[in-house]
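Participant: Quick one: this structure, given as structure tokens, is what I'll be asking you about.
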Amino acid sequence: MKIILNKKSIILGIISIFFIFLMISFSFPDLFAMLYVPSLISKGNIYTIVKNNKQICLWLDATWPPLYYLTMGVYINLVKSLGLIRHQLFEINPCPVWDIILNKSVLFWGKLPFLFLHFFSAYIFQKIFKKNNWLWFMLWLLNPIVIFVTFIEGQFDIIPSFFLILAFYFTFSKNPYFTFLSLGIGAAYKFYPFLLVPVFILYFSRDIKKQILYLFLSLAPYTLSVIPFFNKDYLSFLSFSENYKMFQVGFQVGQFKISYYFISYLLLIINMLRDKK
């Protein structure tokens, strides 16, 4: 048994080193807005700051929900205060794009939370299954799409993905309250987990009172995180948020564009309603 555990530890160590290599070796311009903008959280409303300074720095962008800027802002400023990232990198000029995205320390510390979440999500993922846990763990851990998006592009989709996996875990554990809280927290980072809320509601209960409670639990994290940022600048963010781009994928019928997502989603809801007991 000890040999097997040692082998697994060695394998995980090698994989970790590989992920870290990817983290510090690849950078994209999007990382500037992802790492620099949250660091401004202590200076006021992120959406207003971006709007007021857009002419000074065209690279500034705030296209994600507030909870990302809150959590990442606290983390980035903590890392800066500990001296793990030099303060000067964020203060050299009003638009330190290349100073941020080409600095290996910034790339490492900026992507590090995603590394931990990726391993933790693989751990939760394997707990959903009763057999072959190590196989399921490795299946998620070595998912090439997740690796590319998380460690090469440096996008934070692993955060809502983690909460989606957590929601499925709680679903199979017959815990609806934590299921909907998990969906709500995930959607507070990127909107797409909200798409699953009606499906999960129909799965858990046909009682209207419980359905309203589940809906409230799923909406609460997003609503609470929006309150400190809610103004006209935040509302303008909603109109161009990248989270809505997926709804634009579809086909044209006359003057109207029909979304593939809405059609498939509607068919799924109808099918679940037909199975109502």
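Every chain in the structure tokens has a letter given in the order shown (A, B, ...), and although residue numbers restart at 1 in each chain, ligands are simply numbered from 1 in the order shown.
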Residues of range 55-276 of chain A in strand (DSSP E or B) according to DSSP, as number ranges by chain?
Facilitator: A: 250-253, 256-259
Participant: Take the residues just selected and output them with all heavy atoms as a short mmCIF file (atom, residue, chain, number, x, y, z; two decimals), in the first residue's frame.
Facilitator:
```cif
data_model
loop_
_atom_site.label_atom_id
_atom_site.label_comp_id
_atom_site.auth_asym_id
_atom_site.auth_seq_id
_atom_site.Cartn_x
_atom_site.Cartn_y
_atom_site.Cartn_z
N GLY A 250 -25.97 30.70 -32.83
CA GLY A 250 -27.25 30.15 -33.27
C GLY A 250 -27.44 30.29 -34.77
O GLY A 250 -26.47 30.34 -35.52
N PHE A 251 -28.69 30.38 -35.19
CA PHE A 251 -29.00 30.49 -36.62
C PHE A 251 -30.04 31.59 -36.84
O PHE A 251 -30.79 31.95 -35.93
CB PHE A 251 -29.49 29.16 -37.19
CG PHE A 251 -30.72 28.62 -36.50
CD1 PHE A 251 -31.99 28.91 -36.97
CD2 PHE A 251 -30.59 27.81 -35.36
CE1 PHE A 251 -33.11 28.41 -36.33
CE2 PHE A 251 -31.71 27.32 -34.72
CZ PHE A 251 -32.97 27.61 -35.20
N GLN A 252 -30.06 32.10 -38.04
CA GLN A 252 -30.91 33.24 -38.38
C GLN A 252 -32.25 32.76 -38.93
O GLN A 252 -32.31 31.87 -39.78
CB GLN A 252 -30.21 34.12 -39.42
CG GLN A 252 -30.69 35.56 -39.45
CD GLN A 252 -30.16 36.39 -38.29
OE1 GLN A 252 -29.13 36.06 -37.71
NE2 GLN A 252 -30.87 37.46 -37.94
N VAL A 253 -33.33 33.34 -38.42
CA VAL A 253 -34.68 33.11 -38.95
C VAL A 253 -35.29 34.47 -39.22
O VAL A 253 -35.76 35.15 -38.31
CB VAL A 253 -35.56 32.31 -37.97
CG1 VAL A 253 -36.97 32.15 -38.55
CG2 VAL A 253 -34.95 30.95 -37.68
N PHE A 256 -34.58 37.55 -36.91
CA PHE A 256 -34.28 37.08 -35.56
C PHE A 256 -33.18 36.02 -35.57
O PHE A 256 -33.09 35.22 -36.50
CB PHE A 256 -35.53 36.51 -34.90
CG PHE A 256 -36.66 37.49 -34.79
CD1 PHE A 256 -37.67 37.50 -35.73
CD2 PHE A 256 -36.71 38.41 -33.74
CE1 PHE A 256 -38.72 38.40 -35.64
CE2 PHE A 256 -37.75 39.31 -33.65
CZ PHE A 256 -38.75 39.32 -34.59
N LYS A 257 -32.36 36.05 -34.51
CA LYS A 257 -31.32 35.04 -34.34
C LYS A 257 -31.74 34.10 -33.22
O LYS A 257 -32.00 34.55 -32.10
CB LYS A 257 -29.97 35.67 -34.02
CG LYS A 257 -28.81 34.70 -34.11
CD LYS A 257 -27.47 35.43 -34.09
CE LYS A 257 -26.34 34.46 -34.36
NZ LYS A 257 -25.03 35.15 -34.39
N ILE A 258 -31.82 32.82 -33.54
CA ILE A 258 -32.23 31.82 -32.57
C ILE A 258 -31.01 31.18 -31.95
O ILE A 258 -30.14 30.65 -32.64
CB ILE A 258 -33.11 30.73 -33.24
CG1 ILE A 258 -34.26 31.38 -34.04
CG2 ILE A 258 -33.65 29.78 -32.19
CD1 ILE A 258 -35.19 32.20 -33.20
N SER A 259 -30.93 31.22 -30.63
CA SER A 259 -29.77 30.70 -29.92
C SER A 259 -29.87 29.18 -29.75
O SER A 259 -30.90 28.65 -29.33
CB SER A 259 -29.66 31.35 -28.54
OG SER A 259 -28.71 30.69 -27.73
#
```
Participant: Residues within 10 Å of Trp98 in chain A, please, as an mmCIF file with N, CA and C atoms, in the first residue's frame. Count only C-alpha atoms; anything in the same chain fewer than 3 positions from it doesn't count.
Facilitator:
```cif
data_model
loop_
_atom_site.group_PDB
_atom_site.id
_atom_site.type_symbol
_atom_site.label_atom_id
_atom_site.label_comp_id
_atom_site.auth_asym_id
_atom_site.auth_seq_id
_atom_site.Cartn_x
_atom_site.Cartn_y
_atom_site.Cartn_z
ATOM 1 N N PRO A 29 -2.453 38.689 -23.350
ATOM 2 C CA PRO A 29 -2.835 40.069 -22.962
ATOM 3 C C PRO A 29 -4.005 40.137 -21.991
ATOM 4 N N PHE A 32 -3.580 40.875 -18.178
ATOM 5 C CA PHE A 32 -3.410 42.205 -17.597
ATOM 6 C C PHE A 32 -4.677 42.640 -16.868
ATOM 7 N N LEU A 89 5.750 46.965 -9.943
ATOM 8 C CA LEU A 89 5.206 46.406 -11.185
ATOM 9 C C LEU A 89 3.811 46.948 -11.474
ATOM 10 N N CYS A 95 -0.448 52.255 -17.191
ATOM 11 C CA CYS A 95 -0.845 51.126 -18.020
ATOM 12 C C CYS A 95 0.311 50.124 -18.151
ATOM 13 N N ILE A 101 2.248 41.170 -17.586
ATOM 14 C CA ILE A 101 2.035 39.877 -18.240
ATOM 15 C C ILE A 101 3.323 39.166 -18.638
ATOM 16 N N LEU A 102 4.479 39.857 -18.569
ATOM 17 C CA LEU A 102 5.745 39.214 -18.905
ATOM 18 C C LEU A 102 6.591 38.898 -17.676
ATOM 19 N N ASN A 103 6.073 39.201 -16.504
ATOM 20 C CA ASN A 103 6.807 38.947 -15.272
ATOM 21 C C ASN A 103 6.452 37.557 -14.737
#
```
Participant: Might you pull out every residue within 9 Å of Phe168 in chain A, with only C-alpha atoms counted and same-chain residues fewer than 5 positions away left off, and present them as a list in words?
Facilitator: Phe125, Ile128, Phe163, Ser173 and Thr179 of chain A
Participant: For Leu60 in chain A, which residue out of A:Phe108, A:Tyr47, A:Phe170, A:Phe120 is the nearest one, using only C-alpha atoms?
Facilitator: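 Nearest candidate to Leu60 in chain A out of A:Phe108, A:Tyr47, A:Phe170, A:Phe120: A:Tyr47.
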Participant: To one decimal place, how far is CA of Leu196 in chain A from CA of Leu70 in chain A in Å?
Facilitator: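 Computing the Euclidean distance for CA of Leu196 in chain A and CA of Leu70 in chain A yields 24.2 Å.
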Participant: Kindly give the distance, in Å, that separates CA of Phe18 in chain A and CA of Tyr123 in chain A, rounded to a single decimal.
Facilitator: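 Spanning CA of Phe18 in chain A to CA of Tyr123 in chain A is a straight-line distance of 18.6 Å.
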Participant: Between A:Val226, A:Leu195, A:Val37, A:Ile10, which residue has the minimum interatomic distance to Lys51 in chain A, considering only C-alpha atoms?
Facilitator: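 Checking each candidate against Lys51 in chain A, we get A:Val37 as the closest.
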Participant: Write out as a list in words which residues come within 9 Å of Ser161 in chain A when counting only C-alpha atoms, dropping same-chain ones fewer than 4 positions away.
Facilitator: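 These residues fall inside the cut-off: Ser121, Asp157, Ile165, Leu166, Gly186 and Pro193 of chain A.
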Participant: To one decimal place in Å, what is the distance between CA of Asp61 in chain A and CA of Leu40 in chain A?
Facilitator: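 Going from CA of Asp61 in chain A over to CA of Leu40 in chain A, I get 12.0 Å.
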Participant: Using only C-alpha atoms, determine which residues lie at most 9 Å from Trp136 in chain A, disregarding the query and same-chain residues fewer than 3 positions distant; provide the list as number ranges by chain.
Facilitator: A: 122-123, 125-127, 129, 131-133, 139-141
Participant: Restricting the output to N, CA and C atoms, write the selected residues as a PDB file, in the first residue's frame.
Facilitator:
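again_31.pdb written:
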```pdb
ATOM      1  N   ALA A 122     -10.448  18.126  -8.879  1.00  0.00           N
ATOM      2  CA  ALA A 122     -10.229  16.725  -9.255  1.00  0.00           C
ATOM      3  C   ALA A 122     -10.548  15.804  -8.083  1.00  0.00           C
ATOM      4  N   TYR A 123     -10.202  16.254  -6.876  1.00  0.00           N
ATOM      5  CA  TYR A 123     -10.494  15.473  -5.665  1.00  0.00           C
ATOM      6  C   TYR A 123     -12.000  15.340  -5.449  1.00  0.00           C
ATOM      7  N   PHE A 125     -14.284  15.725  -7.757  1.00  0.00           N
ATOM      8  CA  PHE A 125     -14.813  14.994  -8.910  1.00  0.00           C
ATOM      9  C   PHE A 125     -14.744  13.485  -8.687  1.00  0.00           C
ATOM     10  N   GLN A 126     -13.615  12.992  -8.186  1.00  0.00           N
ATOM     11  CA  GLN A 126     -13.470  11.552  -7.999  1.00  0.00           C
ATOM     12  C   GLN A 126     -14.357  11.019  -6.870  1.00  0.00           C
ATOM     13  N   LYS A 127     -14.746  11.888  -5.926  1.00  0.00           N
ATOM     14  CA  LYS A 127     -15.601  11.461  -4.824  1.00  0.00           C
ATOM     15  C   LYS A 127     -17.044  11.228  -5.275  1.00  0.00           C
ATOM     16  N   PHE A 129     -17.852   9.394  -7.737  1.00  0.00           N
ATOM     17  CA  PHE A 129     -17.933   8.015  -8.213  1.00  0.00           C
ATOM     18  C   PHE A 129     -17.566   7.029  -7.102  1.00  0.00           C
ATOM     19  N   LYS A 131     -16.375   3.860  -7.639  1.00  0.00           N
ATOM     20  CA  LYS A 131     -15.268   2.981  -8.003  1.00  0.00           C
ATOM     21  C   LYS A 131     -14.245   3.743  -8.841  1.00  0.00           C
ATOM     22  N   ASN A 132     -13.056   3.181  -8.922  1.00  0.00           N
ATOM     23  CA  ASN A 132     -11.988   3.720  -9.768  1.00  0.00           C
ATOM     24  C   ASN A 132     -11.723   5.208  -9.489  1.00  0.00           C
ATOM     25  N   ASN A 133     -11.640   5.544  -8.202  1.00  0.00           N
ATOM     26  CA  ASN A 133     -11.492   6.955  -7.821  1.00  0.00           C
ATOM     27  C   ASN A 133     -10.222   7.592  -8.399  1.00  0.00           C
ATOM     28  N   LEU A 139      -8.486  11.614 -14.630  1.00  0.00           N
ATOM     29  CA  LEU A 139      -9.234  12.007 -15.831  1.00  0.00           C
ATOM     30  C   LEU A 139      -9.513  13.503 -15.827  1.00  0.00           C
ATOM     31  N   TRP A 140      -9.908  14.016 -14.671  1.00  0.00           N
ATOM     32  CA  TRP A 140     -10.158  15.457 -14.583  1.00  0.00           C
ATOM     33  C   TRP A 140      -8.850  16.249 -14.529  1.00  0.00           C
ATOM     34  N   LEU A 141      -7.893  15.723 -13.777  1.00  0.00           N
ATOM     35  CA  LEU A 141      -6.635  16.438 -13.603  1.00  0.00           C
ATOM     36  C   LEU A 141      -5.900  16.630 -14.926  1.00  0.00           C
TER      37      LEU A 141
END
```
Participant: Which residue out of A:Ile227, A:Leu12, A:Met34, A:Leu217 has the minimum interatomic distance to Tyr177 in chain A when only C-alpha atoms are used?
Facilitator: A:Leu217
Participant: So, with only C-alpha atoms as the atoms that count, which of A:Tyr169, A:Ile49, A:Ser39, A:Ser16 lies closest to His118 in chain A?
Facilitator: A:Ser16
